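Asker: So that we are looking at the same thing, I have put the structure below in structure tokens.
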Amino acid sequence: MSGVGVGIGQRPVNRRQRIVKSLWTGVWLVYLSAPVSDLLHGGHGTGVRVLGWIGLAAFVTWYMVLLFRTGRGERNALVLGSLGVLAAQSTLLALTLGREWLVLFVYVSIASGAALPLRLARWTIPAACALLTAVGLAARDGHAYLAGLLVPALLGGFAMTGVRELVRTTVALREARATVAQLAANEERLRLARDLHDLLGHSLSLITLKSELAGRMLPAHPDEAARQIADIEQVSRQALVDVREAVTGYRRPRLSAELAGARVALAAAGVLPELPADPDLADVPEESETALAWALREAVTNVVRHSGARRCTVELLHRRTLDGPLLELTVEDNGSGGPGRGHGNGLTGLTERLAKAGGTLEAGPLKGGFRLVARVPAAGAADVGSPA
């Protein structure tokens with residue numbers, strides 16, 4: 001989804017996207033030029049023109065509302081009723097005002113394909129075309145317009161059924177990706193639980209046994225009890241070290257893993273990812289790599305949630321400076337870059353995290369996008385760039 005467009009299968013989430021969807025849907029209303037021309041130059045009386053404008057406005061409003069609410073779970077009976085209203089409006093306007101109004105039936109057919117499942121649309125689209133034929137034959141000189149309207153009505157209606165199925169498939173795929181991500185997170189939690197169990201199970205059992213043994217030795221053999229207590233202290237300290245290492249490894253992100261996760265997250269959000277290949281981080285301090293990994297995670301999260309971008313570019317560069325070698329991460333998107341993309345809590349925390357690693361953060365809007373640049377010290381890195 002982009003800041004100025006709506007990704008397929010996704011609803012508009014802000015004012016700009018609603019405007020874009022309205023324009024994209026409304027551009028096809030240009031084919032209503034025939035009814036508009038008839039109202040302006042058809043020689044109708046003032047009262048007829050007023051009623052005609054009211055009828056046309058009601059038809060367009062009903063049509064747009066029906067298309068905007070497509071896919072929100074309405075019952076098919078409600079959609080069929082709405083299509084019946086559109087068909088009735090089209091029939092009344094065509095019979096009373098003339099053949100120029102037969103084009104309204106094309107919109108009825110398209111709305112049928114967009115708002116109904118195929119099992120129903122395959123009947124309603126031909127029905128709309130049959131009604132178009134009947135009204136065209138009944139209207140004065142209407143048969144001359146039938147050849148030019150029947151084909152667009154049929155093709156447009158069935159084309160919209162294909163678009164509807166594509167949207168449903170895209171939505172299902174996005175939900176499946178979200179489910180896979182959730183399952184992966186659950187699996188990681190289970191892995192941590194297993195690691196903690198394996199680390200602490202033996203140590204706690206040993207501490208319990210030695211505590212009981214020291215308790216029995218304490219009255220008669222204080223020296224032996226003291227040795228057991230010393231062993232308990234040693235085992236508990238080692239267990240604490242093991243737990244800290246396990247939790248640190250669990251919480252410490254790696255840049256290569258974050259790049260892979262960013263690719264999946266961006267693709268799932270409909271954003272084209274342009275990411276570097278696996279970087280060479282052999283000489284990069286672990287603290288610097290971790291800080292950049294957090295920076296990449298925060299940047300990609302902002303792109304997916306807030307930017308409305310359609311493309312995201314990530315570059316990872318090794319640079320030589322007067323202060324020593326640096327590793328520079330740049331994340332740039334072509335989203336809105338508007339309000340809400342400034343230094344919020346996430347970027348503030350990221351700035352502090354980078355500062356602890358001796359790095360810096362620059363973030364701000366661009367012309368038609370947003371850029372985040374994170375720099376951390378790198379030991380022994382050459383002046384070699386690895387842009388996407």
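By convention in this document, the chains of the structure tokens carry letters A, B, ... by their order, each chain's residues are numbered from 1, and ligands are numbered from 1 in the order they are shown.
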Show me, as a ChimeraX atom specification, the residues that have an atom within 12 Å of Gly201 of chain A when counting only C-alpha atoms, minus same-chain residues fewer than 6 positions from it.
Answerer: /A:193-195,207-208,235-236,239,242-243
Asker: Got time to write the residues from that selection, N, CA and C atoms, as a PDB file, in the first residue's frame?
Answerer:
```pdb
ATOM      1  N   ALA A 193      11.541 -21.441  26.211  1.00  0.00           N
ATOM      2  CA  ALA A 193      11.075 -22.214  27.368  1.00  0.00           C
ATOM      3  C   ALA A 193      11.851 -23.516  27.513  1.00  0.00           C
ATOM      4  N   ARG A 194      12.101 -24.177  26.375  1.00  0.00           N
ATOM      5  CA  ARG A 194      12.878 -25.427  26.427  1.00  0.00           C
ATOM      6  C   ARG A 194      14.305 -25.162  26.894  1.00  0.00           C
ATOM      7  N   ASP A 195      14.916 -24.072  26.373  1.00  0.00           N
ATOM      8  CA  ASP A 195      16.290 -23.766  26.778  1.00  0.00           C
ATOM      9  C   ASP A 195      16.373 -23.477  28.276  1.00  0.00           C
ATOM     10  N   ILE A 207      20.905 -27.917  43.374  1.00  0.00           N
ATOM     11  CA  ILE A 207      20.839 -26.995  44.507  1.00  0.00           C
ATOM     12  C   ILE A 207      19.918 -27.553  45.590  1.00  0.00           C
ATOM     13  N   THR A 208      18.801 -28.139  45.189  1.00  0.00           N
ATOM     14  CA  THR A 208      17.859 -28.699  46.162  1.00  0.00           C
ATOM     15  C   THR A 208      18.509 -29.845  46.929  1.00  0.00           C
ATOM     16  N   VAL A 235      27.031 -23.370  41.885  1.00  0.00           N
ATOM     17  CA  VAL A 235      26.035 -23.841  40.924  1.00  0.00           C
ATOM     18  C   VAL A 235      25.023 -22.740  40.607  1.00  0.00           C
ATOM     19  N   SER A 236      24.595 -22.019  41.626  1.00  0.00           N
ATOM     20  CA  SER A 236      23.609 -20.956  41.388  1.00  0.00           C
ATOM     21  C   SER A 236      24.196 -19.838  40.536  1.00  0.00           C
ATOM     22  N   ALA A 239      24.289 -21.066  37.015  1.00  0.00           N
ATOM     23  CA  ALA A 239      22.934 -21.074  36.451  1.00  0.00           C
ATOM     24  C   ALA A 239      22.501 -19.668  36.059  1.00  0.00           C
ATOM     25  N   ASP A 242      24.189 -18.814  32.824  1.00  0.00           N
ATOM     26  CA  ASP A 242      23.555 -19.509  31.700  1.00  0.00           C
ATOM     27  C   ASP A 242      22.233 -18.857  31.309  1.00  0.00           C
ATOM     28  N   VAL A 243      21.440 -18.485  32.316  1.00  0.00           N
ATOM     29  CA  VAL A 243      20.148 -17.851  32.017  1.00  0.00           C
ATOM     30  C   VAL A 243      20.358 -16.507  31.333  1.00  0.00           C
TER      31      VAL A 243
END
```
Asker: Applying 12 Å and only C-alpha atoms, which residues near Val60 of chain A remain after dropping the ones on its own chain fewer than 6 positions away? List them as a tab-separated table (two decimals) with N, CA and C atoms, in the first residue's frame.
Answerer:
```tsv
chain	number	residue	atom	x	y	z
A	22	SER	N	-11.45	7.10	-4.24
A	22	SER	CA	-12.62	7.77	-4.82
A	22	SER	C	-12.33	8.24	-6.24
A	25	THR	N	-12.10	5.18	-8.57
A	25	THR	CA	-13.43	4.65	-8.87
A	25	THR	C	-14.23	5.65	-9.69
A	26	GLY	N	-14.07	6.93	-9.37
A	26	GLY	CA	-14.87	7.94	-10.04
A	26	GLY	C	-14.43	8.26	-11.44
A	28	TRP	N	-14.08	6.36	-13.83
A	28	TRP	CA	-14.89	5.60	-14.79
A	28	TRP	C	-16.27	6.24	-14.99
A	29	LEU	N	-16.60	7.18	-14.12
A	29	LEU	CA	-17.88	7.87	-14.30
A	29	LEU	C	-17.85	8.83	-15.49
A	30	VAL	N	-16.69	8.96	-16.15
A	30	VAL	CA	-16.61	9.81	-17.33
A	30	VAL	C	-17.54	9.32	-18.43
A	31	TYR	N	-17.86	8.02	-18.40
A	31	TYR	CA	-18.75	7.48	-19.43
A	31	TYR	C	-20.21	7.89	-19.21
A	32	LEU	N	-20.44	8.63	-18.12
A	32	LEU	CA	-21.78	9.20	-17.93
A	32	LEU	C	-21.93	10.53	-18.67
A	35	PRO	N	-25.51	10.88	-20.51
A	35	PRO	CA	-26.64	11.41	-19.75
A	35	PRO	C	-26.47	12.89	-19.37
A	53	TRP	N	-31.24	15.43	-12.95
A	53	TRP	CA	-30.02	15.60	-12.15
A	53	TRP	C	-30.13	14.89	-10.81
A	54	ILE	N	-31.30	14.97	-10.20
A	54	ILE	CA	-31.49	14.28	-8.92
A	54	ILE	C	-31.36	12.77	-9.10
A	66	LEU	N	-21.96	1.33	-2.88
A	66	LEU	CA	-21.94	-0.12	-3.04
A	66	LEU	C	-20.53	-0.62	-3.32
A	67	LEU	N	-19.78	0.09	-4.18
A	67	LEU	CA	-18.42	-0.35	-4.49
A	67	LEU	C	-17.49	-0.15	-3.29
A	85	VAL	N	-32.11	-1.71	-6.78
A	85	VAL	CA	-32.40	-0.28	-6.78
A	85	VAL	C	-31.70	0.41	-7.96
A	86	LEU	N	-30.43	0.05	-8.21
A	86	LEU	CA	-29.70	0.63	-9.33
A	86	LEU	C	-30.38	0.29	-10.66
A	89	GLN	N	-33.53	2.35	-11.03
A	89	GLN	CA	-33.21	3.73	-11.39
A	89	GLN	C	-32.83	3.83	-12.86
A	90	SER	N	-32.01	2.89	-13.32
A	90	SER	CA	-31.57	2.90	-14.72
A	90	SER	C	-32.77	2.74	-15.66
A	104	LEU	N	-26.29	3.50	-18.05
A	104	LEU	CA	-26.34	3.19	-16.62
A	104	LEU	C	-26.35	1.69	-16.36
A	107	TYR	N	-22.97	0.17	-15.63
A	107	TYR	CA	-22.54	0.32	-14.24
A	107	TYR	C	-23.24	-0.70	-13.33
A	108	VAL	N	-24.48	-1.04	-13.65
A	108	VAL	CA	-25.18	-2.07	-12.87
A	108	VAL	C	-24.47	-3.40	-13.04
A	111	ALA	N	-21.10	-3.29	-11.15
A	111	ALA	CA	-21.33	-3.39	-9.71
A	111	ALA	C	-21.70	-4.82	-9.31
```
Asker: Skipping near chain neighbours, those fewer than 4 positions away, what residues fall within 7 Å of Val79 of chain A using only C-alpha atoms, listed as a VMD selection string?
Answerer: chain A and resid 75 83 115
Asker: Segment 353-369 of chain A: which residues within 6 Å, counting only C-alpha atoms, same-chain residues fewer than 3 positions away excluded, as a PyMOL selection string?
Answerer: chain A and resi 288+291+333-337+350+372-376
Asker: Could you turn the residues from that selection into a file that holds all heavy atoms, as a PDB file, in the first residue's frame?
Answerer:
```pdb
ATOM      1  N   SER A 288      27.707  -3.065  18.033  1.00  0.00           N
ATOM      2  CA  SER A 288      27.347  -2.236  16.877  1.00  0.00           C
ATOM      3  C   SER A 288      26.357  -2.961  15.978  1.00  0.00           C
ATOM      4  O   SER A 288      25.380  -2.368  15.497  1.00  0.00           O
ATOM      5  CB  SER A 288      28.601  -1.879  16.086  1.00  0.00           C
ATOM      6  OG  SER A 288      29.482  -1.067  16.836  1.00  0.00           O
ATOM      7  N   ALA A 291      22.937  -2.882  17.574  1.00  0.00           N
ATOM      8  CA  ALA A 291      22.292  -1.565  17.478  1.00  0.00           C
ATOM      9  C   ALA A 291      21.728  -1.332  16.081  1.00  0.00           C
ATOM     10  O   ALA A 291      20.607  -0.819  15.924  1.00  0.00           O
ATOM     11  CB  ALA A 291      23.308  -0.476  17.833  1.00  0.00           C
ATOM     12  N   ASP A 333      12.098   5.160   2.212  1.00  0.00           N
ATOM     13  CA  ASP A 333      10.858   4.727   1.575  1.00  0.00           C
ATOM     14  C   ASP A 333      10.267   5.884   0.775  1.00  0.00           C
ATOM     15  O   ASP A 333      10.695   7.029   0.905  1.00  0.00           O
ATOM     16  CB  ASP A 333       9.849   4.224   2.618  1.00  0.00           C
ATOM     17  CG  ASP A 333       9.406   5.305   3.585  1.00  0.00           C
ATOM     18  OD1 ASP A 333       8.688   6.232   3.170  1.00  0.00           O
ATOM     19  OD2 ASP A 333       9.797   5.232   4.758  1.00  0.00           O
ATOM     20  N   ASN A 334       9.289   5.543  -0.059  1.00  0.00           N
ATOM     21  CA  ASN A 334       8.628   6.562  -0.879  1.00  0.00           C
ATOM     22  C   ASN A 334       7.203   6.815  -0.394  1.00  0.00           C
ATOM     23  O   ASN A 334       6.312   7.079  -1.183  1.00  0.00           O
ATOM     24  CB  ASN A 334       8.615   6.146  -2.347  1.00  0.00           C
ATOM     25  CG  ASN A 334       7.778   4.891  -2.579  1.00  0.00           C
ATOM     26  OD1 ASN A 334       7.493   4.153  -1.638  1.00  0.00           O
ATOM     27  ND2 ASN A 334       7.382   4.635  -3.808  1.00  0.00           N
ATOM     28  N   GLY A 335       7.027   6.726   0.936  1.00  0.00           N
ATOM     29  CA  GLY A 335       5.700   6.920   1.506  1.00  0.00           C
ATOM     30  C   GLY A 335       5.365   8.380   1.687  1.00  0.00           C
ATOM     31  O   GLY A 335       5.966   9.284   1.097  1.00  0.00           O
ATOM     32  N   SER A 336       4.397   8.617   2.558  1.00  0.00           N
ATOM     33  CA  SER A 336       3.875   9.968   2.725  1.00  0.00           C
ATOM     34  C   SER A 336       4.878  10.896   3.380  1.00  0.00           C
ATOM     35  O   SER A 336       4.944  12.068   3.069  1.00  0.00           O
ATOM     36  CB  SER A 336       2.582   9.923   3.558  1.00  0.00           C
ATOM     37  OG  SER A 336       2.851   9.348   4.833  1.00  0.00           O
ATOM     38  N   GLY A 337       5.652  10.341   4.346  1.00  0.00           N
ATOM     39  CA  GLY A 337       6.603  11.191   5.045  1.00  0.00           C
ATOM     40  C   GLY A 337       5.971  12.324   5.807  1.00  0.00           C
ATOM     41  O   GLY A 337       6.594  13.329   6.099  1.00  0.00           O
ATOM     42  N   LEU A 350      15.519   4.406  20.013  1.00  0.00           N
ATOM     43  CA  LEU A 350      16.554   3.944  19.096  1.00  0.00           C
ATOM     44  C   LEU A 350      17.773   4.859  19.139  1.00  0.00           C
ATOM     45  O   LEU A 350      18.916   4.389  19.073  1.00  0.00           O
ATOM     46  CB  LEU A 350      15.980   3.878  17.683  1.00  0.00           C
ATOM     47  CG  LEU A 350      16.894   3.328  16.594  1.00  0.00           C
ATOM     48  CD1 LEU A 350      17.356   1.931  16.939  1.00  0.00           C
ATOM     49  CD2 LEU A 350      16.174   3.342  15.255  1.00  0.00           C
ATOM     50  N   LEU A 372      15.893   7.138   7.137  1.00  0.00           N
ATOM     51  CA  LEU A 372      16.517   6.907   8.436  1.00  0.00           C
ATOM     52  C   LEU A 372      17.947   6.446   8.181  1.00  0.00           C
ATOM     53  O   LEU A 372      18.170   5.507   7.397  1.00  0.00           O
ATOM     54  CB  LEU A 372      15.740   5.877   9.249  1.00  0.00           C
ATOM     55  CG  LEU A 372      16.270   5.537  10.633  1.00  0.00           C
ATOM     56  CD1 LEU A 372      15.110   5.233  11.589  1.00  0.00           C
ATOM     57  CD2 LEU A 372      17.207   4.318  10.603  1.00  0.00           C
ATOM     58  N   VAL A 373      18.921   7.110   8.826  1.00  0.00           N
ATOM     59  CA  VAL A 373      20.331   6.766   8.685  1.00  0.00           C
ATOM     60  C   VAL A 373      20.898   6.512  10.076  1.00  0.00           C
ATOM     61  O   VAL A 373      20.863   7.394  10.939  1.00  0.00           O
ATOM     62  CB  VAL A 373      21.122   7.881   7.980  1.00  0.00           C
ATOM     63  CG1 VAL A 373      22.582   7.470   7.823  1.00  0.00           C
ATOM     64  CG2 VAL A 373      20.516   8.198   6.615  1.00  0.00           C
ATOM     65  N   ALA A 374      21.405   5.301  10.283  1.00  0.00           N
ATOM     66  CA  ALA A 374      22.015   4.919  11.559  1.00  0.00           C
ATOM     67  C   ALA A 374      23.483   4.597  11.313  1.00  0.00           C
ATOM     68  O   ALA A 374      23.813   3.866  10.366  1.00  0.00           O
ATOM     69  CB  ALA A 374      21.298   3.722  12.173  1.00  0.00           C
ATOM     70  N   ARG A 375      24.370   5.132  12.162  1.00  0.00           N
ATOM     71  CA  ARG A 375      25.814   4.902  12.026  1.00  0.00           C
ATOM     72  C   ARG A 375      26.365   4.387  13.344  1.00  0.00           C
ATOM     73  O   ARG A 375      26.013   4.905  14.408  1.00  0.00           O
ATOM     74  CB  ARG A 375      26.537   6.189  11.626  1.00  0.00           C
ATOM     75  CG  ARG A 375      26.059   6.786  10.300  1.00  0.00           C
ATOM     76  CD  ARG A 375      26.856   8.050   9.960  1.00  0.00           C
ATOM     77  NE  ARG A 375      26.381   8.655   8.712  1.00  0.00           N
ATOM     78  CZ  ARG A 375      25.442   9.576   8.640  1.00  0.00           C
ATOM     79  NH1 ARG A 375      24.862  10.007   9.761  1.00  0.00           N
ATOM     80  NH2 ARG A 375      25.063  10.078   7.474  1.00  0.00           N
ATOM     81  N   VAL A 376      27.211   3.365  13.245  1.00  0.00           N
ATOM     82  CA  VAL A 376      27.849   2.781  14.432  1.00  0.00           C
ATOM     83  C   VAL A 376      29.317   2.537  14.115  1.00  0.00           C
ATOM     84  O   VAL A 376      29.693   2.389  12.945  1.00  0.00           O
ATOM     85  CB  VAL A 376      27.170   1.459  14.849  1.00  0.00           C
ATOM     86  CG1 VAL A 376      25.759   1.696  15.342  1.00  0.00           C
ATOM     87  CG2 VAL A 376      27.176   0.466  13.698  1.00  0.00           C
TER      88      VAL A 376
END
```
Asker: Would you work out the distance separating atom CA of Leu150 of chain A from atom CA of Trp62 of chain A, expressed in Å to one decimal?
Answerer: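 Atom CA of Trp62 of chain A lies at a distance of 22.1 Å from atom CA of Leu150 of chain A.
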Asker: For segment 156-171 of chain A, work out the shell of residues within 8 Å, counting only C-alpha atoms and skipping chain neighbours fewer than 6 positions away, then give it as a PyMOL selection string.
Answerer: chain A and resi 8-10+106+109-118+121-122+125
Asker: Could you write out that same residue set with N, CA, C and O atoms as a PDB file, in the first residue's frame?
Answerer:
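selection04.pdb, freshly written:
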```
ATOM      1  N   ILE A   8      -3.915  -3.693  -3.318  1.00  0.00           N
ATOM      2  CA  ILE A   8      -5.039  -4.553  -3.655  1.00  0.00           C
ATOM      3  C   ILE A   8      -5.451  -5.358  -2.430  1.00  0.00           C
ATOM      4  O   ILE A   8      -4.618  -5.900  -1.701  1.00  0.00           O
ATOM      5  N   GLY A   9      -6.719  -5.402  -2.183  1.00  0.00           N
ATOM      6  CA  GLY A   9      -7.245  -6.127  -1.045  1.00  0.00           C
ATOM      7  C   GLY A   9      -7.147  -5.394   0.270  1.00  0.00           C
ATOM      8  O   GLY A   9      -7.481  -5.948   1.314  1.00  0.00           O
ATOM      9  N   GLN A  10      -6.680  -4.157   0.270  1.00  0.00           N
ATOM     10  CA  GLN A  10      -6.531  -3.388   1.498  1.00  0.00           C
ATOM     11  C   GLN A  10      -7.451  -2.180   1.463  1.00  0.00           C
ATOM     12  O   GLN A  10      -7.576  -1.498   0.440  1.00  0.00           O
ATOM     13  N   VAL A 106     -24.558  -0.486 -17.800  1.00  0.00           N
ATOM     14  CA  VAL A 106     -23.175  -0.968 -17.756  1.00  0.00           C
ATOM     15  C   VAL A 106     -22.643  -0.894 -16.329  1.00  0.00           C
ATOM     16  O   VAL A 106     -21.961  -1.810 -15.845  1.00  0.00           O
ATOM     17  N   SER A 109     -24.046  -3.720 -14.265  1.00  0.00           N
ATOM     18  CA  SER A 109     -23.349  -4.975 -14.512  1.00  0.00           C
ATOM     19  C   SER A 109     -21.999  -5.016 -13.812  1.00  0.00           C
ATOM     20  O   SER A 109     -21.629  -6.019 -13.194  1.00  0.00           O
ATOM     21  N   ILE A 110     -21.267  -3.918 -13.876  1.00  0.00           N
ATOM     22  CA  ILE A 110     -19.954  -3.862 -13.218  1.00  0.00           C
ATOM     23  C   ILE A 110     -20.105  -3.972 -11.697  1.00  0.00           C
ATOM     24  O   ILE A 110     -19.333  -4.670 -11.026  1.00  0.00           O
ATOM     25  N   ALA A 111     -21.096  -3.294 -11.153  1.00  0.00           N
ATOM     26  CA  ALA A 111     -21.326  -3.395  -9.710  1.00  0.00           C
ATOM     27  C   ALA A 111     -21.696  -4.818  -9.311  1.00  0.00           C
ATOM     28  O   ALA A 111     -21.323  -5.290  -8.233  1.00  0.00           O
ATOM     29  N   SER A 112     -22.406  -5.535 -10.177  1.00  0.00           N
ATOM     30  CA  SER A 112     -22.747  -6.930  -9.887  1.00  0.00           C
ATOM     31  C   SER A 112     -21.495  -7.777  -9.780  1.00  0.00           C
ATOM     32  O   SER A 112     -21.340  -8.592  -8.859  1.00  0.00           O
ATOM     33  N   GLY A 113     -20.566  -7.605 -10.740  1.00  0.00           N
ATOM     34  CA  GLY A 113     -19.333  -8.385 -10.694  1.00  0.00           C
ATOM     35  C   GLY A 113     -18.452  -8.046  -9.521  1.00  0.00           C
ATOM     36  O   GLY A 113     -17.753  -8.908  -8.983  1.00  0.00           O
ATOM     37  N   ALA A 114     -18.476  -6.768  -9.093  1.00  0.00           N
ATOM     38  CA  ALA A 114     -17.595  -6.344  -8.006  1.00  0.00           C
ATOM     39  C   ALA A 114     -18.143  -6.687  -6.635  1.00  0.00           C
ATOM     40  O   ALA A 114     -17.369  -6.931  -5.702  1.00  0.00           O
ATOM     41  N   ALA A 115     -19.456  -6.699  -6.482  1.00  0.00           N
ATOM     42  CA  ALA A 115     -20.048  -6.814  -5.143  1.00  0.00           C
ATOM     43  C   ALA A 115     -20.600  -8.190  -4.824  1.00  0.00           C
ATOM     44  O   ALA A 115     -20.918  -8.454  -3.659  1.00  0.00           O
ATOM     45  N   LEU A 116     -20.713  -9.070  -5.811  1.00  0.00           N
ATOM     46  CA  LEU A 116     -21.311 -10.382  -5.571  1.00  0.00           C
ATOM     47  C   LEU A 116     -20.305 -11.491  -5.851  1.00  0.00           C
ATOM     48  O   LEU A 116     -19.436 -11.347  -6.711  1.00  0.00           O
ATOM     49  N   PRO A 117     -20.406 -12.619  -5.145  1.00  0.00           N
ATOM     50  CA  PRO A 117     -19.570 -13.768  -5.489  1.00  0.00           C
ATOM     51  C   PRO A 117     -19.942 -14.298  -6.868  1.00  0.00           C
ATOM     52  O   PRO A 117     -21.029 -14.055  -7.387  1.00  0.00           O
ATOM     53  N   LEU A 118     -19.010 -15.050  -7.455  1.00  0.00           N
ATOM     54  CA  LEU A 118     -19.188 -15.501  -8.833  1.00  0.00           C
ATOM     55  C   LEU A 118     -20.449 -16.341  -9.002  1.00  0.00           C
ATOM     56  O   LEU A 118     -21.121 -16.255 -10.037  1.00  0.00           O
ATOM     57  N   ALA A 121     -22.981 -13.632  -9.363  1.00  0.00           N
ATOM     58  CA  ALA A 121     -22.708 -12.670 -10.428  1.00  0.00           C
ATOM     59  C   ALA A 121     -22.902 -13.281 -11.806  1.00  0.00           C
ATOM     60  O   ALA A 121     -23.272 -12.579 -12.755  1.00  0.00           O
ATOM     61  N   ARG A 122     -22.677 -14.577 -11.947  1.00  0.00           N
ATOM     62  CA  ARG A 122     -22.838 -15.194 -13.269  1.00  0.00           C
ATOM     63  C   ARG A 122     -24.295 -15.184 -13.730  1.00  0.00           C
ATOM     64  O   ARG A 122     -24.575 -15.420 -14.904  1.00  0.00           O
ATOM     65  N   ILE A 125     -25.185 -10.607 -13.898  1.00  0.00           N
ATOM     66  CA  ILE A 125     -24.604  -9.868 -15.028  1.00  0.00           C
ATOM     67  C   ILE A 125     -25.403 -10.109 -16.309  1.00  0.00           C
ATOM     68  O   ILE A 125     -25.793  -9.143 -16.991  1.00  0.00           O
TER      69      ILE A 125
END
```
Asker: Atom CA of Leu190 of chain A and atom CA of Arg263 of chain A are how many Å apart?
Answerer: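 It comes out at 24.2 Å.
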Asker: Which residue gives the smallest distance to Val36 of chain A among A:Ile19, A:Val103, A:Leu272, A:Ala88, with only C-alpha atoms counted?
Answerer: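 Distance minimum relative to Val36 of chain A lands on A:Val103.
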Asker: Give me, please, the distance in Å between atom CA of Gln182 of chain A and atom CA of Leu255 of chain A, quoted to one decimal.
Answerer: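 Spanning atom CA of Gln182 of chain A to atom CA of Leu255 of chain A is a straight-line distance of 20.7 Å.
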Asker: Run DSSP on the backbone and tell me which residues of segment 204-307 of chain A come out as alpha helix (DSSP H); list them as a PyMOL selection string.
Answerer: chain A and resi 204-217+222-251+255-268+286-302
Asker: Identify which of the residues A:Arg16, A:Arg244, A:Arg297, A:Arg99 lies closest to Gly42 of chain A, counting only C-alpha atoms when measuring atom-to-atom distances.
Answerer: A:Arg99
Asker: Based on the backbone DSSP call, show me all residues of segment 139-376 of chain A assigned strand (DSSP E or B), as JSON, numbers by chain.
Answerer: {"A": [272, 273, 274, 311, 312, 313, 314, 315, 316, 317, 318, 319, 320, 321, 324, 325, 326, 327, 328, 329, 330, 331, 332, 333, 360, 361, 362, 363, 364, 365, 366, 369, 370, 371, 372, 373, 374, 375, 376]}
Asker: So, with only C-alpha atoms as the atoms that count, which of A:Glu328, A:Glu212, A:Glu286, A:Glu298 lies closest to Leu347 of chain A?
Answerer: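 Going through A:Glu328, A:Glu212, A:Glu286, A:Glu298 one by one, the smallest distance to Leu347 of chain A is for A:Glu298.
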Asker: Taking only C-alpha atoms into account, name the residue in A:Ala295, A:Leu154, A:Ala94, A:Ala127 that is nearest to Leu329 of chain A.
Answerer: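 Closest candidate: A:Ala295.
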